[in-house]
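Below: one structure, written as structure tokens.
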Amino acid sequence: MGIGGSALAQTAATKSPRVLRIGYQKGWLSILKARGTLEKRLAAHGASVTWSEFTAGPVQLEALNVGSIDFGDVGEAPPIFAQAAGAPLVYVGASNPRPRLEAILVPKDSSIRSVADLKGKKIAFNKGSNVQYLIAKLLEKHGLRYGDVQPIFLPPADARAAFERGAVDAWAIWDPFLAAAEKTLGARVLADGTGVVSNRWYFFSAREFATHNADLLRIALEEIDQIDRWAAKNKSAAAQELSKILGLDRSITELWISRTSFGVVPVTGELLAEQQAIADTFFDLKLIPRPLKLRHAAPVNLN
């Protein structure tokens, strides 16, 4: 072999194999991880997969910002805070609207009967999560301001504990934590996102990764969409599979799935406009330090 051929062989041997590092929360990506179908498809492209579980979107996007993950799914608000913090994220896909998958809960015997009754009350929620936007829009709809309530910033597990012991008056949370509180605590839904927010889930990546690994991201979205389409037609089986994977009672996963809309859709100008409205709201409320232009997070071409 000549010098040129030897150099090429050495380059090929030392070139690092591609890895798709996925950050995920309890949900559909849990099914994808358990089934292992993504690993099989990516192996044909010389790529592998690693998985890291997170309790909420903000910490997931912090991991993206420091270069620990390449892909994941979060609610509509966390990407806004991440972009405001300078994260190099881009959107790569989205779910259909899922407004019923987040809500404000109150104890079953609470005297709070409407959103207007929340004035001056303590509401637990995960700071920077999609429910923060839900709270802002629900308060606005009922003639209140964001400053009219007392935010208590807690991650889901701690928020549930505070809710159970009566340390807070209400809890803004998403599924499956929402369904679990309804089924195991008898918590009452004060209001969900219906008619107020879209509550889409967004799939994200880092711009550099998305630019050079569009094929891997496209395959990941195809696999997620396949699970969505299967679950839409097989809700009972999907509830059983989620119950087993997540260790939740089947009644919880059945309630969760009963109010889910399915399907992965591309991020269009219309969806970016929805996100722009969230960013503008957060800037007006002084929750982010500067106005954002959502076109800076527009998806690169996945085709």
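Chain labels run A, B, ... following the order of the structure tokens; each chain numbers its residues from 1, and ligands are numbered from 1 in the order shown.
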Item to check | DSSP strand (DSSP E) residues within segment 198-281 of chain A, listed as a VMD selection string | outcome: chain A and resid 202 to 206 264 to 265
Next on the checklist: If we count only C-alpha atoms and set the cut-off at 10 Å, which residues sit around Phe262 of chain A, ignoring sequence neighbours fewer than 4 positions away in its own chain? Please answer as a PyMOL selection string.
Outcome noted: chain A and resi 95-98+225+227-233+257
Checklist outcome for this item: One decimal place gives the atom CA of Ser236 of chain A-atom CA of Ser52 of chain A separation as 27.3 Å
Checklist entry - Quick one: of A:Asn199, A:Ser243, A:Ser251, A:Asn126, who's nearest to Trp28 of chain A, counting only C-alpha atoms? => result A:Ser243
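Proximity to Trp201 of chain A at 6 Å, evaluated using only C-alpha atoms and with sequence-adjacent residues fewer than 4 positions away removed, yields A:Val74, A:Gly75, A:Ala94, A:Ser95.
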How would the residues just picked look written out with N, CA and C atoms as an mmCIF file, in the first residue's frame?
```
data_model
loop_
_atom_site.group_PDB
_atom_site.id
_atom_site.type_symbol
_atom_site.label_atom_id
_atom_site.label_comp_id
_atom_site.auth_asym_id
_atom_site.auth_seq_id
_atom_site.Cartn_x
_atom_site.Cartn_y
_atom_site.Cartn_z
ATOM 1 N N VAL A 74 -38.998 18.097 24.850
ATOM 2 C CA VAL A 74 -39.377 18.945 25.983
ATOM 3 C C VAL A 74 -40.683 19.655 25.658
ATOM 4 N N GLY A 75 -41.284 20.257 26.668
ATOM 5 C CA GLY A 75 -42.468 21.070 26.447
ATOM 6 C C GLY A 75 -42.118 22.373 25.755
ATOM 7 N N ALA A 94 -41.948 18.397 16.168
ATOM 8 C CA ALA A 94 -42.900 18.746 17.215
ATOM 9 C C ALA A 94 -44.020 17.715 17.260
ATOM 10 N N SER A 95 -44.754 17.725 18.341
ATOM 11 C CA SER A 95 -45.951 16.899 18.443
ATOM 12 C C SER A 95 -47.152 17.733 18.013
#
```
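Between Ala181 of chain A and the candidates A:Ile135, A:Ile252, A:Ala210, A:Leu246, the tightest atom-to-atom separation, counting only C-alpha atoms, involves A:Ile252.
Around segment 153-160 of chain A, within 10 Å and counting only C-alpha atoms, the residues found are A:Thr55, A:Ala56, A:Ile123, A:Ala124, A:Phe125, A:Asn126, A:Lys127, A:Gly128, A:Ser129, A:Gln132, A:Gln150, A:Phe163, A:Glu164, A:Arg165, A:Gly166, A:Ala167, A:Val168, A:Ala170, A:Trp171, A:Ala172, A:Ile173, A:Trp174, A:Phe177, A:Leu178, A:Ala181, A:Leu185, once anything fewer than 3 positions away on its own chain is removed.
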Restrict the selected residues to N, CA, C and O atoms and save them as an mmCIF file, in the first residue's frame.
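So the final result, stored in part.cif, reads:
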```cif
data_model
loop_
_atom_site.group_PDB
_atom_site.id
_atom_site.type_symbol
_atom_site.label_atom_id
_atom_site.label_comp_id
_atom_site.auth_asym_id
_atom_site.auth_seq_id
_atom_site.Cartn_x
_atom_site.Cartn_y
_atom_site.Cartn_z
ATOM 1 N N THR A 55 -35.625 14.705 34.834
ATOM 2 C CA THR A 55 -36.918 14.877 35.508
ATOM 3 C C THR A 55 -37.769 15.958 34.862
ATOM 4 O O THR A 55 -38.988 15.978 35.037
ATOM 5 N N ALA A 56 -37.145 16.868 34.112
ATOM 6 C CA ALA A 56 -37.891 17.976 33.511
ATOM 7 C C ALA A 56 -37.070 18.580 32.382
ATOM 8 O O ALA A 56 -35.856 18.353 32.273
ATOM 9 N N ILE A 123 -48.581 28.378 44.435
ATOM 10 C CA ILE A 123 -48.657 27.380 43.375
ATOM 11 C C ILE A 123 -47.274 26.768 43.172
ATOM 12 O O ILE A 123 -46.315 27.478 42.864
ATOM 13 N N ALA A 124 -47.176 25.467 43.333
ATOM 14 C CA ALA A 124 -45.916 24.768 43.102
ATOM 15 C C ALA A 124 -45.796 24.402 41.626
ATOM 16 O O ALA A 124 -46.769 23.949 41.014
ATOM 17 N N PHE A 125 -44.616 24.615 41.075
ATOM 18 C CA PHE A 125 -44.350 24.166 39.708
ATOM 19 C C PHE A 125 -42.862 24.206 39.436
ATOM 20 O O PHE A 125 -42.100 24.857 40.151
ATOM 21 N N ASN A 126 -42.470 23.494 38.400
ATOM 22 C CA ASN A 126 -41.066 23.429 38.004
ATOM 23 C C ASN A 126 -40.717 24.694 37.209
ATOM 24 O O ASN A 126 -41.278 24.929 36.141
ATOM 25 N N LYS A 127 -39.795 25.473 37.727
ATOM 26 C CA LYS A 127 -39.411 26.719 37.078
ATOM 27 C C LYS A 127 -38.861 26.453 35.684
ATOM 28 O O LYS A 127 -38.039 25.566 35.479
ATOM 29 N N GLY A 128 -39.364 27.219 34.696
ATOM 30 C CA GLY A 128 -38.879 27.092 33.326
ATOM 31 C C GLY A 128 -39.550 26.010 32.515
ATOM 32 O O GLY A 128 -39.205 25.806 31.361
ATOM 33 N N SER A 129 -40.536 25.309 33.105
ATOM 34 C CA SER A 129 -41.238 24.252 32.384
ATOM 35 C C SER A 129 -42.475 24.795 31.681
ATOM 36 O O SER A 129 -42.871 25.947 31.884
ATOM 37 N N GLN A 132 -45.272 26.798 33.413
ATOM 38 C CA GLN A 132 -45.103 28.204 33.770
ATOM 39 C C GLN A 132 -45.865 29.092 32.786
ATOM 40 O O GLN A 132 -46.476 30.095 33.179
ATOM 41 N N GLN A 150 -48.323 33.275 44.276
ATOM 42 C CA GLN A 150 -47.001 33.056 44.851
ATOM 43 C C GLN A 150 -46.375 31.803 44.236
ATOM 44 O O GLN A 150 -46.756 30.685 44.595
ATOM 45 N N PHE A 163 -47.470 19.375 47.923
ATOM 46 C CA PHE A 163 -48.907 19.348 47.655
ATOM 47 C C PHE A 163 -49.609 18.390 48.625
ATOM 48 O O PHE A 163 -50.654 18.719 49.194
ATOM 49 N N GLU A 164 -49.011 17.235 48.854
ATOM 50 C CA GLU A 164 -49.612 16.234 49.749
ATOM 51 C C GLU A 164 -49.705 16.733 51.187
ATOM 52 O O GLU A 164 -50.702 16.478 51.871
ATOM 53 N N ARG A 165 -48.683 17.439 51.647
ATOM 54 C CA ARG A 165 -48.699 17.866 53.050
ATOM 55 C C ARG A 165 -49.372 19.219 53.250
ATOM 56 O O ARG A 165 -49.411 19.740 54.360
ATOM 57 N N GLY A 166 -49.911 19.800 52.159
ATOM 58 C CA GLY A 166 -50.647 21.051 52.286
ATOM 59 C C GLY A 166 -49.780 22.284 52.383
ATOM 60 O O GLY A 166 -50.255 23.348 52.819
ATOM 61 N N ALA A 167 -48.512 22.173 51.990
ATOM 62 C CA ALA A 167 -47.607 23.326 52.056
ATOM 63 C C ALA A 167 -47.853 24.318 50.919
ATOM 64 O O ALA A 167 -47.384 25.459 50.972
ATOM 65 N N VAL A 168 -48.560 23.877 49.888
ATOM 66 C CA VAL A 168 -48.939 24.759 48.778
ATOM 67 C C VAL A 168 -50.437 24.594 48.532
ATOM 68 O O VAL A 168 -51.051 23.592 48.930
ATOM 69 N N ALA A 170 -51.868 24.846 45.372
ATOM 70 C CA ALA A 170 -52.127 24.256 44.060
ATOM 71 C C ALA A 170 -50.809 23.781 43.470
ATOM 72 O O ALA A 170 -49.723 24.153 43.936
ATOM 73 N N TRP A 171 -50.931 22.959 42.447
ATOM 74 C CA TRP A 171 -49.749 22.381 41.803
ATOM 75 C C TRP A 171 -49.987 22.353 40.305
ATOM 76 O O TRP A 171 -50.986 21.799 39.838
ATOM 77 N N ALA A 172 -49.098 22.964 39.539
ATOM 78 C CA ALA A 172 -49.172 22.940 38.078
ATOM 79 C C ALA A 172 -48.211 21.871 37.589
ATOM 80 O O ALA A 172 -47.004 21.932 37.851
ATOM 81 N N ILE A 173 -48.741 20.877 36.859
ATOM 82 C CA ILE A 173 -47.930 19.713 36.531
ATOM 83 C C ILE A 173 -48.424 19.066 35.246
ATOM 84 O O ILE A 173 -49.520 19.365 34.761
ATOM 85 N N TRP A 174 -47.622 18.185 34.696
ATOM 86 C CA TRP A 174 -47.913 17.517 33.424
ATOM 87 C C TRP A 174 -47.975 16.002 33.655
ATOM 88 O O TRP A 174 -47.579 15.478 34.689
ATOM 89 N N PHE A 177 -47.194 12.653 35.850
ATOM 90 C CA PHE A 177 -47.348 13.081 37.237
ATOM 91 C C PHE A 177 -48.775 13.569 37.508
ATOM 92 O O PHE A 177 -49.314 13.372 38.598
ATOM 93 N N LEU A 178 -49.370 14.205 36.509
ATOM 94 C CA LEU A 178 -50.736 14.707 36.619
ATOM 95 C C LEU A 178 -51.711 13.563 36.857
ATOM 96 O O LEU A 178 -52.499 13.583 37.819
ATOM 97 N N ALA A 181 -51.323 11.929 40.297
ATOM 98 C CA ALA A 181 -51.908 12.687 41.405
ATOM 99 C C ALA A 181 -53.429 12.558 41.420
ATOM 100 O O ALA A 181 -54.048 12.488 42.497
ATOM 101 N N LEU A 185 -54.007 10.479 44.697
ATOM 102 C CA LEU A 185 -54.285 11.490 45.717
ATOM 103 C C LEU A 185 -55.708 12.024 45.653
ATOM 104 O O LEU A 185 -56.144 12.739 46.553
#
```
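Between Gly247 of chain A and the residues A:Leu134, A:Asp284, A:Arg35, A:Ala180, the shortest atom-to-atom distance, using only C-alpha atoms, involves A:Ala180.
Using only C-alpha atoms, the protein and nucleic acid residues lying no more than 10 Å from Gln60 of chain A, apart from those fewer than 4 places from it along its own chain, are Ile22, Gly23, Tyr24, Gln25, Ser52, Glu53, Phe54, Thr55, Ala56, Leu64, Asn65, Ser68, Ile69, Phe71, Gly72, Asp73, Val74, Pro78, Pro79 and Ala82 of chain A.
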Determine, for each residue of segment 155-218 of chain A having at least one atom at most 9 Å from an atom of segment 136-149 of chain A, the closest pair of atoms and their separation in Å to one decimal, counting only C-alpha atoms; order by chain and ascending number, as a tab-separated table.
```
residue	atom	partner	partner_atom	distance
A:Ala191	CA	A:Leu138	CA	8.1
A:Asp192	CA	A:Leu138	CA	8.7
A:Gly193	CA	A:Leu138	CA	8.0
A:Val196	CA	A:Lys137	CA	6.5
A:Val197	CA	A:Lys137	CA	7.5
```
Checklist entry - How would you write, as number ranges by chain, the set of residues in segment 90-281 of chain A that DSSP gives as alpha helix (DSSP H)? => result A: 130-141, 156-164, 177-185, 207-212, 214-233, 235-246, 250-258, 269-281
Checklist entry - Which residue out of A:Ala239, A:Ala44, A:Leu272, A:Ala162 has the minimum interatomic distance to Val90 of chain A when only C-alpha atoms are used? => result A:Leu272
Next on the checklist: Env of Ala297 of chain A: 12 Å cut, atoms = only C-alpha atoms, seq-sep filter 6 positions within chain, self excluded. Answer as a PyMOL selection string.
Outcome noted: chain A and resi 79-80+82-84+86-93+202-208+210+267-269+271-273+275-276
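Across the model, the gap from atom CA of Val19 of chain A to atom CA of Val300 of chain A is 19.1 Å.
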